[in-house]
>>> print(open('my_file33.txt').read())   # compact mmCIF, C-alpha atoms
# COMPACT_ATOMS: atom_id res chain seq x y z
CA MET H 23 -23.38 21.91 -8.70
CA PHE H 24 -20.80 23.32 -6.27
CA LYS H 25 -22.45 21.54 -3.31
CA LYS H 26 -22.52 18.24 -5.21
CA SER H 27 -18.83 18.61 -6.09
CA SER H 28 -17.92 19.48 -2.48
CA ARG H 29 -19.90 16.54 -1.17
CA SER H 30 -18.25 14.09 -3.58
CA GLN H 31 -14.82 15.46 -2.63
CA LEU H 32 -15.66 14.99 1.06
CA PHE H 33 -16.71 11.37 0.51
CA ARG H 34 -13.57 10.81 -1.58
CA ASN H 35 -11.38 12.21 1.22
CA ILE H 36 -13.13 10.05 3.84
CA SER H 37 -12.63 6.96 1.63
CA ILE H 38 -8.92 7.71 1.23
CA PHE H 39 -8.50 8.30 4.97
CA LEU H 40 -10.27 5.01 5.85
CA ALA H 41 -8.00 3.18 3.38
CA ILE H 42 -4.88 4.76 4.90
CA LEU H 43 -6.10 4.47 8.51
CA GLY H 44 -3.99 2.16 10.63
CA PRO H 45 -0.23 2.78 10.95
CA GLY H 46 -0.47 5.85 13.23
CA ILE H 47 -3.28 4.54 15.44
CA ILE H 48 -1.82 1.04 15.76
CA THR H 49 1.73 2.29 16.45
CA GLY H 50 0.44 4.72 19.06
CA SER H 51 -1.81 2.15 20.74
CA VAL H 52 0.94 -0.45 21.02
CA ASP H 53 2.73 2.04 23.29
CA ASN H 54 0.16 1.22 25.93
CA ASP H 55 1.37 -2.34 26.28
CA ALA H 56 1.84 -4.43 29.44
CA GLY H 57 5.14 -2.68 30.20
CA GLY H 58 3.54 0.70 29.63
CA ILE H 59 0.48 -0.09 31.75
CA THR H 60 2.77 -1.37 34.51
CA THR H 61 4.90 1.77 34.35
CA TYR H 62 1.88 4.13 34.33
CA SER H 63 0.21 2.14 37.14
CA VAL H 64 3.30 2.19 39.37
CA ALA H 65 3.82 5.91 38.61
CA GLY H 66 0.22 6.72 39.61
CA ALA H 67 0.35 4.56 42.75
CA MET H 68 3.74 5.91 43.89
CA TYR H 69 3.51 9.58 42.91
CA GLY H 70 -0.21 10.22 42.62
CA TYR H 71 -0.90 12.89 40.00
CA ASN H 72 2.61 14.39 40.19
CA LEU H 73 4.09 12.71 37.10
CA ILE H 74 1.12 13.23 34.77
CA TRP H 75 2.90 16.30 33.34
CA THR H 76 5.47 14.00 31.69
CA LEU H 77 2.77 12.96 29.18
CA ILE H 78 2.67 16.47 27.64
CA PRO H 79 6.29 16.62 26.39
CA SER H 80 6.05 12.91 25.54
CA PHE H 81 3.04 13.65 23.29
CA ILE H 82 4.84 16.47 21.44
CA VAL H 83 7.96 14.39 20.86
CA LEU H 84 5.90 11.32 19.86
CA LEU H 85 3.96 13.36 17.29
CA VAL H 86 7.11 14.86 15.75
CA ILE H 87 8.94 11.52 15.63
CA GLN H 88 6.02 9.59 14.10
CA GLU H 89 5.62 12.29 11.44
CA MET H 90 9.32 11.96 10.53
CA ASN H 91 8.97 8.17 10.27
CA ALA H 92 5.92 8.36 8.04
CA ARG H 93 7.44 11.04 5.77
CA MET H 94 10.69 9.10 5.42
CA GLY H 95 8.85 5.88 4.57
CA ILE H 96 6.58 7.58 2.01
CA VAL H 97 9.43 9.47 0.26
CA THR H 98 12.07 6.69 0.19
CA GLY H 99 9.89 3.58 0.07
CA LYS H 100 12.46 2.01 2.42
CA GLY H 101 12.32 0.99 6.06
CA LEU H 102 14.40 2.72 8.73
CA ALA H 103 16.59 -0.35 9.29
CA ASP H 104 17.34 -0.56 5.57
CA LEU H 105 18.33 3.12 5.47
CA ILE H 106 20.55 2.81 8.56
CA ARG H 107 22.41 -0.15 7.01
CA GLU H 108 22.88 1.61 3.68
CA ASN H 109 24.24 4.78 5.27
CA ALA H 110 25.99 3.63 8.48
CA GLY H 111 27.42 0.31 7.32
CA VAL H 112 26.92 -3.26 8.47
CA LYS H 113 29.20 -3.12 11.58
CA ILE H 114 27.47 -0.15 13.21
CA THR H 115 24.09 -1.58 12.22
CA PHE H 116 24.99 -4.91 13.85
CA PHE H 117 25.79 -3.38 17.27
CA ILE H 118 22.71 -1.11 17.23
CA PHE H 119 20.38 -3.96 16.39
CA ILE H 120 21.88 -6.46 18.84
CA GLY H 121 21.05 -3.98 21.63
CA LEU H 122 17.54 -3.43 20.26
CA LEU H 123 16.96 -7.18 19.87
CA ILE H 124 17.91 -7.87 23.51
CA ALA H 125 15.65 -5.03 24.69
CA ASP H 126 12.75 -6.28 22.57
CA ILE H 127 13.04 -9.83 23.92
CA GLY H 128 12.66 -8.25 27.37
CA ASN H 129 9.73 -6.16 26.12
CA THR H 130 8.00 -9.21 24.61
CA THR H 131 8.50 -11.07 27.89
CA THR H 132 6.76 -8.16 29.59
CA GLU H 133 3.76 -8.55 27.27
CA PHE H 134 3.36 -12.19 28.26
CA ALA H 135 3.73 -11.17 31.90
CA GLY H 136 0.69 -8.96 31.24
CA VAL H 137 -1.21 -11.92 29.78
CA ALA H 138 -0.30 -14.05 32.79
CA GLY H 139 -1.16 -11.32 35.32
CA SER H 140 -4.51 -10.36 33.80
CA MET H 141 -5.63 -13.99 33.55
CA GLU H 142 -4.52 -14.70 37.14
CA VAL H 143 -6.97 -11.97 38.25
CA LEU H 144 -9.66 -14.21 36.71
CA GLY H 145 -8.18 -17.34 38.30
CA VAL H 146 -6.50 -18.78 35.18
CA SER H 147 -2.96 -20.16 35.62
CA LYS H 148 -0.14 -18.67 33.54
CA TYR H 149 0.83 -22.23 32.51
CA ILE H 150 -2.45 -22.36 30.57
CA SER H 151 -2.96 -18.75 29.43
CA VAL H 152 0.56 -17.92 28.20
CA PRO H 153 1.16 -20.95 25.89
CA LEU H 154 -2.41 -20.71 24.56
CA VAL H 155 -2.13 -16.99 23.72
CA ALA H 156 1.33 -17.57 22.18
CA VAL H 157 -0.07 -20.21 19.82
CA ILE H 158 -3.01 -17.95 18.80
CA ILE H 159 -0.62 -15.04 18.12
CA TRP H 160 1.75 -17.25 16.12
CA VAL H 161 -1.10 -18.57 13.95
CA LEU H 162 -2.46 -15.02 13.33
CA VAL H 163 0.91 -13.81 12.06
CA VAL H 164 2.25 -16.89 10.25
CA LYS H 165 -1.01 -18.11 8.73
CA GLY H 166 -2.83 -14.76 8.35
CA ASN H 167 -2.19 -11.71 6.17
CA TYR H 168 -1.62 -8.00 6.80
CA LYS H 169 -5.21 -6.86 6.02
CA ILE H 170 -6.77 -9.32 8.48
CA ALA H 171 -4.12 -8.61 11.13
CA GLU H 172 -4.56 -4.84 10.77
CA LYS H 173 -8.33 -5.06 11.35
CA VAL H 174 -7.74 -7.13 14.50
CA PHE H 175 -5.14 -4.58 15.66
CA LEU H 176 -7.55 -1.65 15.16
CA ILE H 177 -10.21 -3.43 17.26
CA PHE H 178 -7.60 -3.98 19.98
CA SER H 179 -6.72 -0.25 19.81
CA LEU H 180 -10.34 0.74 20.50
CA SER H 181 -10.55 -1.75 23.40
CA LEU H 182 -7.89 0.20 25.32
CA LEU H 183 -10.42 2.98 25.93
CA VAL H 184 -11.82 0.82 28.76
CA TYR H 185 -9.23 2.56 30.97
CA VAL H 186 -11.25 5.76 30.69
CA VAL H 187 -14.14 3.91 32.37
CA SER H 188 -11.86 2.48 35.06
CA ALA H 189 -10.44 5.93 35.91
CA ILE H 190 -13.83 7.70 36.05
CA MET H 191 -15.17 4.99 38.40
CA GLY H 192 -12.35 5.97 40.78
CA LYS H 193 -13.84 9.50 41.14
CA PRO H 194 -10.60 11.46 40.51
CA HIS H 195 -9.94 14.95 41.89
CA TRP H 196 -9.77 17.04 38.72
CA ASP H 197 -8.61 20.18 40.51
CA GLU H 198 -5.59 18.31 41.94
CA ILE H 199 -4.84 16.88 38.50
CA GLY H 200 -4.87 20.36 36.97
CA HIS H 201 -2.57 21.67 39.71
CA ALA H 202 -0.15 18.73 39.25
CA ILE H 203 0.06 19.41 35.50
CA ILE H 204 0.61 23.18 35.87
CA LYS H 205 2.86 23.05 38.99
CA PRO H 206 4.38 19.58 39.19
CA GLU H 207 6.33 18.55 42.29
CA MET H 208 9.22 16.16 41.66
CA LYS H 209 12.11 15.17 43.93
CA MET H 210 15.33 14.65 41.97
CA ASN H 211 16.54 11.21 43.02
CA SER H 212 17.39 7.96 41.23
CA THR H 213 13.95 6.41 41.90
CA THR H 214 12.07 9.35 40.39
CA LEU H 215 14.47 9.61 37.45
CA THR H 216 14.03 5.90 36.77
CA MET H 217 10.25 6.39 36.74
CA VAL H 218 10.44 9.44 34.42
CA LEU H 219 12.75 7.52 32.08
CA GLY H 220 10.34 4.57 32.21
CA ILE H 221 7.38 6.79 31.24
CA VAL H 222 9.30 8.38 28.36
CA GLY H 223 10.70 5.00 27.32
CA THR H 224 7.30 3.36 27.09
CA THR H 225 5.59 6.36 25.45
CA ILE H 226 8.30 6.66 22.77
CA ALA H 227 9.85 3.22 22.30
CA PRO H 228 12.75 2.63 19.83
CA TRP H 229 11.13 -0.31 18.02
CA MET H 230 8.03 1.80 17.20
CA GLN H 231 10.04 3.89 14.75
CA PHE H 232 10.79 0.82 12.65
CA TYR H 233 7.23 -0.49 12.81
CA MET H 234 5.69 2.84 11.85
CA GLN H 235 7.89 3.26 8.79
CA SER H 236 7.42 -0.32 7.59
CA SER H 237 3.61 -0.02 8.04
CA VAL H 238 3.45 3.05 5.81
CA ILE H 239 5.47 1.21 3.15
CA GLU H 240 3.35 -1.95 3.49
CA LYS H 241 0.21 0.09 2.71
CA GLY H 242 1.84 1.70 -0.35
CA ILE H 243 1.03 5.27 0.75
CA LYS H 244 2.08 8.10 -1.62
CA ILE H 245 3.22 11.65 -0.80
CA ASN H 246 -0.03 13.17 -2.13
CA GLN H 247 -1.84 11.27 0.66
CA TYR H 248 0.43 12.77 3.35
CA LYS H 249 -2.31 14.90 4.97
CA PHE H 250 -4.41 11.79 5.64
CA VAL H 251 -1.40 10.05 7.17
CA MET H 252 -0.95 13.05 9.49
CA ILE H 253 -4.56 12.75 10.70
CA ASP H 254 -3.95 9.06 11.41
CA ILE H 255 -0.76 9.92 13.35
CA ILE H 256 -2.43 12.70 15.38
CA VAL H 257 -5.36 10.43 16.31
CA GLY H 258 -2.91 7.68 17.33
CA CYS H 259 -0.76 10.01 19.46
CA VAL H 260 -3.80 11.54 21.19
CA ALA H 261 -5.21 8.07 21.92
CA THR H 262 -1.86 6.94 23.33
CA VAL H 263 -1.57 9.83 25.77
CA VAL H 264 -5.28 9.78 26.73
CA VAL H 265 -5.11 6.08 27.68
CA ALA H 266 -1.83 6.63 29.59
CA PHE H 267 -3.38 9.62 31.39
CA PHE H 268 -6.43 7.66 32.57
CA ILE H 269 -4.32 4.70 33.74
CA MET H 270 -2.24 7.05 35.90
CA VAL H 271 -5.41 8.81 37.13
CA ALA H 272 -7.10 5.49 38.03
CA CYS H 273 -4.13 4.36 40.15
CA ALA H 274 -3.47 7.79 41.67
CA SER H 275 -7.11 8.29 42.70
CA ASN H 276 -7.52 4.87 44.28
CA LEU H 277 -4.15 3.40 45.19
CA HIS H 278 -1.96 6.41 46.01
CA GLU H 279 -4.63 8.03 48.15
CA ASN H 280 -5.00 4.82 50.17
CA GLY H 281 -1.25 4.26 50.52
CA ILE H 282 -1.31 1.03 48.51
CA VAL H 283 2.04 0.03 46.99
CA ILE H 284 2.02 -2.02 43.77
CA HIS H 285 4.76 -3.58 41.68
CA GLU H 286 2.91 -4.51 38.49
CA ALA H 287 -0.32 -3.89 36.59
CA LYS H 288 -1.91 -7.07 37.97
CA ASP H 289 -1.52 -5.68 41.50
CA ALA H 290 -3.37 -2.54 40.39
CA ALA H 291 -6.28 -4.57 39.00
CA MET H 292 -6.60 -6.60 42.19
CA ALA H 293 -6.20 -3.59 44.50
CA LEU H 294 -8.96 -1.69 42.69
CA LYS H 295 -11.56 -4.34 43.59
CA PRO H 296 -12.19 -3.31 47.24
CA LEU H 297 -11.68 0.41 46.46
CA ALA H 298 -13.54 1.03 43.20
CA GLY H 299 -15.58 -2.15 42.91
CA LYS H 300 -15.36 -5.49 41.11
CA ILE H 301 -16.34 -3.99 37.73
CA SER H 302 -13.48 -1.47 37.84
CA SER H 303 -11.05 -4.27 38.72
CA LEU H 304 -12.28 -6.48 35.86
CA VAL H 305 -12.21 -3.55 33.40
CA PHE H 306 -8.59 -2.81 34.36
CA ALA H 307 -7.63 -6.49 33.99
CA PHE H 308 -9.45 -6.74 30.63
CA GLY H 309 -7.55 -3.71 29.34
CA LEU H 310 -4.28 -5.28 30.45
CA PHE H 311 -5.15 -8.57 28.73
CA ILE H 312 -6.09 -6.90 25.42
CA ALA H 313 -3.02 -4.63 25.50
CA SER H 314 -0.74 -7.57 26.24
CA ILE H 315 -2.05 -9.73 23.37
CA PHE H 316 -1.95 -6.74 21.03
CA SER H 317 1.66 -5.86 21.84
CA ALA H 318 2.84 -9.47 22.09
CA THR H 319 1.79 -9.74 18.45
CA ILE H 320 3.14 -6.44 17.14
CA LEU H 321 6.41 -6.10 19.08
CA PRO H 322 8.17 -9.34 18.01
CA LEU H 323 6.71 -8.83 14.54
CA ALA H 324 8.32 -5.38 14.32
CA THR H 325 11.58 -6.73 15.76
CA ALA H 326 11.80 -9.59 13.26
CA PHE H 327 10.92 -7.15 10.47
CA TYR H 328 13.58 -4.54 11.20
CA VAL H 329 16.34 -7.06 12.01
CA CYS H 330 15.74 -8.92 8.73
CA GLU H 331 15.46 -5.64 6.86
CA ALA H 332 18.75 -4.39 8.38
CA PHE H 333 20.64 -7.43 7.15
CA GLY H 334 18.98 -7.80 3.76
CA PHE H 335 16.64 -10.75 4.43
CA GLU H 336 13.11 -10.92 3.04
CA ALA H 337 10.49 -9.84 5.60
CA GLY H 338 6.75 -9.20 5.74
CA ILE H 339 3.56 -10.71 7.10
CA ASP H 340 2.15 -11.13 3.57
CA LYS H 341 5.07 -13.36 2.52
CA LYS H 342 4.91 -17.14 2.86
CA TRP H 343 7.27 -19.03 5.20
CA GLU H 344 9.35 -20.38 2.28
CA ASP H 345 9.75 -16.84 0.87
CA ALA H 346 10.93 -15.28 4.17
CA PRO H 347 12.20 -18.12 6.41
CA GLU H 348 14.59 -15.89 8.42
CA PHE H 349 11.75 -13.50 9.25
CA TYR H 350 9.37 -16.19 10.52
CA ILE H 351 12.11 -18.16 12.33
CA LEU H 352 13.27 -15.04 14.21
CA TYR H 353 9.65 -14.15 15.05
CA THR H 354 9.08 -17.67 16.40
CA ILE H 355 12.34 -17.60 18.44
CA ILE H 356 11.43 -14.26 20.09
CA LEU H 357 7.97 -15.58 21.02
CA ALA H 358 9.38 -18.87 22.33
CA LEU H 359 12.08 -17.17 24.45
CA ALA H 360 9.57 -14.75 25.99
CA VAL H 361 7.15 -17.58 26.84
CA ALA H 362 9.97 -19.71 28.29
CA ILE H 363 11.11 -16.87 30.60
CA ILE H 364 7.55 -16.24 31.81
CA LEU H 365 7.01 -19.93 32.65
CA ILE H 366 10.16 -20.08 34.85
CA PRO H 367 8.98 -20.25 38.48
CA ASN H 368 9.70 -17.02 40.40
CA ALA H 369 11.11 -15.24 37.33
CA PRO H 370 11.86 -11.55 38.14
CA LEU H 371 8.99 -10.25 35.99
CA ILE H 372 8.68 -6.89 37.76
CA GLY H 373 12.35 -6.09 37.15
CA ILE H 374 12.06 -7.15 33.51
CA SER H 375 8.94 -5.00 33.03
CA LEU H 376 10.33 -1.77 34.47
CA TRP H 377 13.92 -2.03 33.28
CA SER H 378 12.94 -2.97 29.73
CA GLN H 379 11.23 0.45 29.57
CA VAL H 380 14.34 2.16 30.96
CA ILE H 381 16.52 0.37 28.37
CA ASN H 382 14.12 1.70 25.73
CA ALA H 383 14.78 5.26 26.92
CA VAL H 384 18.56 4.72 26.90
CA LEU H 385 18.53 3.20 23.38
CA LEU H 386 16.07 5.73 21.98
CA PRO H 387 18.62 8.56 21.44
CA VAL H 388 20.74 6.21 19.28
CA VAL H 389 17.78 5.46 17.01
CA LEU H 390 16.66 9.11 16.95
CA ILE H 391 20.14 10.37 16.01
CA CYS H 392 20.18 7.95 13.06
CA MET H 393 16.66 9.05 12.09
CA ILE H 394 17.33 12.78 12.18
CA ILE H 395 20.59 12.47 10.22
CA LEU H 396 18.80 10.43 7.55
CA VAL H 397 15.68 12.63 7.32
CA ASN H 398 17.87 15.73 6.85
CA ASP H 399 19.92 14.17 4.04
CA LYS H 400 18.81 15.81 0.76
CA LYS H 401 20.22 12.88 -1.24
CA ILE H 402 17.70 10.64 0.53
CA MET H 403 14.76 12.98 1.14
CA GLY H 404 15.11 15.65 -1.59
CA LYS H 405 12.87 18.62 -0.80
CA TYR H 406 11.13 16.70 2.01
CA VAL H 407 13.90 17.17 4.59
CA ASN H 408 12.98 18.40 8.09
CA LYS H 409 11.85 21.95 8.77
CA PRO H 410 13.90 23.87 11.40
CA ILE H 411 11.24 23.54 14.14
CA THR H 412 11.15 19.74 13.68
CA ASN H 413 14.92 19.57 14.05
CA ILE H 414 14.84 21.76 17.17
CA ILE H 415 12.28 19.45 18.87
CA GLY H 416 14.10 16.32 17.67
CA TRP H 417 17.58 17.35 18.82
CA SER H 418 16.21 18.78 22.10
CA SER H 419 14.55 15.42 22.82
CA ILE H 420 17.81 13.56 22.20
CA ILE H 421 19.78 15.90 24.50
CA LEU H 422 17.11 15.58 27.21
CA LEU H 423 17.06 11.78 27.05
CA ILE H 424 20.86 11.55 27.15
CA GLY H 425 20.88 13.97 30.10
CA LEU H 426 18.27 11.93 32.01
CA SER H 427 20.17 8.70 31.30
CA LEU H 428 23.43 10.17 32.61
CA MET H 429 21.66 11.55 35.70
CA LEU H 430 20.21 8.10 36.33
CA LEU H 431 23.69 6.56 36.17
CA VAL H 432 25.42 9.10 38.44
CA ALA H 433 22.60 9.67 40.96
CA PRO H 434 23.55 6.62 43.14
CA LEU H 435 27.10 8.05 43.54
CA PHE H 436 25.78 11.08 45.46
CA LYS H 437 23.62 9.23 48.01
>>> encode(input="my_file33.txt", output="structure tokens")
Amino acid sequence: MFKKSSRSQLFRNISIFLAILGPGIITGSVDNDAGGITTYSVAGAMYGYNLIWTLIPSFIVLLVIQEMNARMGIVTGKGLADLIRENAGVKITFFIFIGLLIADIGNTTTEFAGVAGSMEVLGVSKYISVPLVAVIIWVLVVKGNYKIAEKVFLIFSLSLLVYVVSAIMGKPHWDEIGHAIIKPEMKMNSTTLTMVLGIVGTTIAPWMQFYMQSSVIEKGIKINQYKFVMIDIIVGCVATVVVAFFIMVACASNLHENGIVIHEAKDAAMALKPLAGKISSLVFAFGLFIASIFSATILPLATAFYVCEAFGFEAGIDKKWEDAPEFYILYTIILALAVAIILIPNAPLIGISLWSQVINAVLLPVVLICMIILVNDKKIMGKYVNKPITNIIGWSSIILLIGLSLMLLVAPLFK
């Protein structure tokens, strides 16, 4: 009798988890977008294994932040943008979200740069691949619904594991990797600081906080299902860092050791061909293509969602165009602007890719400060406010990011 009861409880728990599965894994996986893959690739090619250690603190902070987002969404039933507007006022909200909107247009442009680059490896022109992918993405969001989109997103998340294959084919030196993690070597200059900020900025992006919270609300998750949400978040954070780790390892093992300089993820895919073989090159390019489509769908979707939410407009992928015109118009404008920038001949795509990640890191403390103030407000959260350890990690992360940003700004003055 006891065994039967335990078994039924186990199946019930698995069913609940599968129903809840999605927000944490999808939010984590979107981190490894074209901008992220570019940043990790350049970091591996330039510094070898020496910056892999940055993924450890990034993982801890990512886990803590995603947990706060999920808890806030479950308890309040409101999105982060909505809560910021209600508690900070419309003026402050306006300036915060204008900055985030500009950054996210740059980020979306980076995603289409990834589409263009990955397809160019296969000999397809960006003037064909980019408009075609944009139309497919637009149709999925505008004509689809959240359940269908979420299943597609989960498949995309699993596809990113191809980078594990690409890295292993490069025959990495595991002893050197271990040494670099335990005793990292880092020269303090503006170039290195920019790269560290880029890694942190792409691992923990500002827009993710809004997407994560809105996803939890969209699924109607309750506080008694919190433990299942935490499993989803942990799996998503682990997957994010594992994929980032293997991208850096693949480029460090092949490109850094052979003194090959790259400027974007496409360069990495093409450079791997003579070093690790055609299959490794194609696997890397495939991962870039999948990640780019995935993020080019989610990122402008999240941006349109939190901007509309912040200013009181209807938003949501399950709503029809006539019910949420501002949401769909803004989504369409972001996609169109990103595509237009990509199709400009000789557009500075490398600069857009790297600096959009740095802007993420500079804007992140602003979003995190708002988050931590809100999640510690008993009027909003009741008994579900942060525990002391969560606040320590949260505030420490903010101080660190502000410190790195200031160092980045003043470093050129001391050359």
>>> atom_distance(input="my_file33.txt", atom1="atom CA of H:Glu198", atom2="atom CA of H:Cys273")
14.1 Å
>>> closest_residue(input="my_file33.txt", among="H:Leu144, H:Ile127, H:Ala65, H:Ile74", to="H:Ile363", atoms="all atoms listed in the file")
H:Ile127
>>> atom_distance(input="my_file33.txt", atom1="atom CA of H:Ile411", atom2="atom CA of H:Leu215")
27.3 Å
>>> closest_residue(input="my_file33.txt", among="H:Trp377, H:Tyr328, H:Trp160, H:Tyr69", to="H:Pro206", atoms="all atoms listed in the file")
H:Tyr69
>>> closest_residue(input="my_file33.txt", among="H:Ser419, H:Ser140, H:Asn129, H:Asn276", to="H:Val388", atoms="all atoms listed in the file")
H:Ser419
>>> residues_near_point(input="my_file33.txt", point="(-2.5, 12.9, 43.5)", cutoff="10 Å", atoms="all atoms listed in the file", output="VMD selection string")
chain H and resid 66 to 74 194 to 199 201 to 202 270 to 271 273 to 279
>>> closest_residue(input="my_file33.txt", among="H:Phe250, H:Tyr353, H:Phe116, H:Tyr62", to="H:Ala318", atoms="all atoms listed in the file")
H:Tyr353
>>> residues_around(input="my_file33.txt", residues="H:Asn91", least_positions_apart="2", cutoff="12 Å", atoms="all atoms listed in the file", output="JSON, numbers by chain")
{"H": [45, 46, 49, 84, 85, 86, 87, 88, 89, 93, 94, 95, 96, 97, 98, 99, 100, 101, 102, 103, 105, 228, 229, 230, 231, 232, 233, 234, 235, 236, 237, 238, 239, 248, 251, 252, 255, 389, 390, 392, 393, 394, 396, 397, 403, 407, 408]}
>>> write_last_selection(input="my_file33.txt", atoms="C-alpha atoms", output="PDB file, keeping the file's coordinate frame")
ATOM      1  CA  PRO H  45      -0.230   2.780  10.950  1.00  0.00           C
ATOM      2  CA  GLY H  46      -0.470   5.850  13.230  1.00  0.00           C
ATOM      3  CA  THR H  49       1.730   2.290  16.450  1.00  0.00           C
ATOM      4  CA  LEU H  84       5.900  11.320  19.860  1.00  0.00           C
ATOM      5  CA  LEU H  85       3.960  13.360  17.290  1.00  0.00           C
ATOM      6  CA  VAL H  86       7.110  14.860  15.750  1.00  0.00           C
ATOM      7  CA  ILE H  87       8.940  11.520  15.630  1.00  0.00           C
ATOM      8  CA  GLN H  88       6.020   9.590  14.100  1.00  0.00           C
ATOM      9  CA  GLU H  89       5.620  12.290  11.440  1.00  0.00           C
ATOM     10  CA  ARG H  93       7.440  11.040   5.770  1.00  0.00           C
ATOM     11  CA  MET H  94      10.690   9.100   5.420  1.00  0.00           C
ATOM     12  CA  GLY H  95       8.850   5.880   4.570  1.00  0.00           C
ATOM     13  CA  ILE H  96       6.580   7.580   2.010  1.00  0.00           C
ATOM     14  CA  VAL H  97       9.430   9.470   0.260  1.00  0.00           C
ATOM     15  CA  THR H  98      12.070   6.690   0.190  1.00  0.00           C
ATOM     16  CA  GLY H  99       9.890   3.580   0.070  1.00  0.00           C
ATOM     17  CA  LYS H 100      12.460   2.010   2.420  1.00  0.00           C
ATOM     18  CA  GLY H 101      12.320   0.990   6.060  1.00  0.00           C
ATOM     19  CA  LEU H 102      14.400   2.720   8.730  1.00  0.00           C
ATOM     20  CA  ALA H 103      16.590  -0.350   9.290  1.00  0.00           C
ATOM     21  CA  LEU H 105      18.330   3.120   5.470  1.00  0.00           C
ATOM     22  CA  PRO H 228      12.750   2.630  19.830  1.00  0.00           C
ATOM     23  CA  TRP H 229      11.130  -0.310  18.020  1.00  0.00           C
ATOM     24  CA  MET H 230       8.030   1.800  17.200  1.00  0.00           C
ATOM     25  CA  GLN H 231      10.040   3.890  14.750  1.00  0.00           C
ATOM     26  CA  PHE H 232      10.790   0.820  12.650  1.00  0.00           C
ATOM     27  CA  TYR H 233       7.230  -0.490  12.810  1.00  0.00           C
ATOM     28  CA  MET H 234       5.690   2.840  11.850  1.00  0.00           C
ATOM     29  CA  GLN H 235       7.890   3.260   8.790  1.00  0.00           C
ATOM     30  CA  SER H 236       7.420  -0.320   7.590  1.00  0.00           C
ATOM     31  CA  SER H 237       3.610  -0.020   8.040  1.00  0.00           C
ATOM     32  CA  VAL H 238       3.450   3.050   5.810  1.00  0.00           C
ATOM     33  CA  ILE H 239       5.470   1.210   3.150  1.00  0.00           C
ATOM     34  CA  TYR H 248       0.430  12.770   3.350  1.00  0.00           C
ATOM     35  CA  VAL H 251      -1.400  10.050   7.170  1.00  0.00           C
ATOM     36  CA  MET H 252      -0.950  13.050   9.490  1.00  0.00           C
ATOM     37  CA  ILE H 255      -0.760   9.920  13.350  1.00  0.00           C
ATOM     38  CA  VAL H 389      17.780   5.460  17.010  1.00  0.00           C
ATOM     39  CA  LEU H 390      16.660   9.110  16.950  1.00  0.00           C
ATOM     40  CA  CYS H 392      20.180   7.950  13.060  1.00  0.00           C
ATOM     41  CA  MET H 393      16.660   9.050  12.090  1.00  0.00           C
ATOM     42  CA  ILE H 394      17.330  12.780  12.180  1.00  0.00           C
ATOM     43  CA  LEU H 396      18.800  10.430   7.550  1.00  0.00           C
ATOM     44  CA  VAL H 397      15.680  12.630   7.320  1.00  0.00           C
ATOM     45  CA  MET H 403      14.760  12.980   1.140  1.00  0.00           C
ATOM     46  CA  VAL H 407      13.900  17.170   4.590  1.00  0.00           C
ATOM     47  CA  ASN H 408      12.980  18.400   8.090  1.00  0.00           C
TER      48      ASN H 408
END
>>> atom_distance(input="my_file33.txt", atom1="atom CA of H:Gly334", atom2="atom CA of H:Leu122")
17.1 Å
>>> closest_residue(input="my_file33.txt", among="H:Ile320, H:Leu219, H:Ala189, H:Ile351", to="H:Ile159", atoms="all atoms listed in the file")
H:Ile320
>>> closest_residue(input="my_file33.txt", among="H:Val264, H:Ser317, H:Ala135, H:Asn109", to="H:Leu365", atoms="only C-alpha atoms")
H:Ala135
>>> residues_near_point(input="my_file33.txt", point="(0.6, 10.2, 30.8)", cutoff="6 Å", atoms="only C-alpha atoms", output="ChimeraX atom specification")
/H:74,77,263,266-267
>>> build_atoms(input="my_file33.txt", residues="stretch 359-366 of chain H", atoms="N, CA and C atoms", output="PDB file, in the coordinates of the input")
ATOM      1  N   LEU H 359      11.227 -17.609  23.345  1.00  0.00           N
ATOM      2  CA  LEU H 359      12.080 -17.170  24.450  1.00  0.00           C
ATOM      3  C   LEU H 359      11.273 -16.428  25.515  1.00  0.00           C
ATOM      4  N   ALA H 360      10.392 -15.528  25.054  1.00  0.00           N
ATOM      5  CA  ALA H 360       9.570 -14.750  25.990  1.00  0.00           C
ATOM      6  C   ALA H 360       8.659 -15.669  26.809  1.00  0.00           C
ATOM      7  N   VAL H 361       8.041 -16.630  26.143  1.00  0.00           N
ATOM      8  CA  VAL H 361       7.150 -17.580  26.840  1.00  0.00           C
ATOM      9  C   VAL H 361       7.941 -18.418  27.837  1.00  0.00           C
ATOM     10  N   ALA H 362       9.132 -18.876  27.420  1.00  0.00           N
ATOM     11  CA  ALA H 362       9.970 -19.710  28.290  1.00  0.00           C
ATOM     12  C   ALA H 362      10.361 -18.961  29.569  1.00  0.00           C
ATOM     13  N   ILE H 363      10.727 -17.678  29.435  1.00  0.00           N
ATOM     14  CA  ILE H 363      11.110 -16.870  30.600  1.00  0.00           C
ATOM     15  C   ILE H 363       9.937 -16.708  31.554  1.00  0.00           C
ATOM     16  N   ILE H 364       8.753 -16.441  30.995  1.00  0.00           N
ATOM     17  CA  ILE H 364       7.550 -16.240  31.810  1.00  0.00           C
ATOM     18  C   ILE H 364       7.203 -17.500  32.615  1.00  0.00           C
ATOM     19  N   LEU H 365       7.409 -18.669  32.012  1.00  0.00           N
ATOM     20  CA  LEU H 365       7.010 -19.930  32.650  1.00  0.00           C
ATOM     21  C   LEU H 365       8.030 -20.417  33.686  1.00  0.00           C
ATOM     22  N   ILE H 366       9.195 -19.721  33.798  1.00  0.00           N
ATOM     23  CA  ILE H 366      10.160 -20.080  34.850  1.00  0.00           C
ATOM     24  C   ILE H 366       9.567 -19.682  36.205  1.00  0.00           C
TER      25      ILE H 366
END
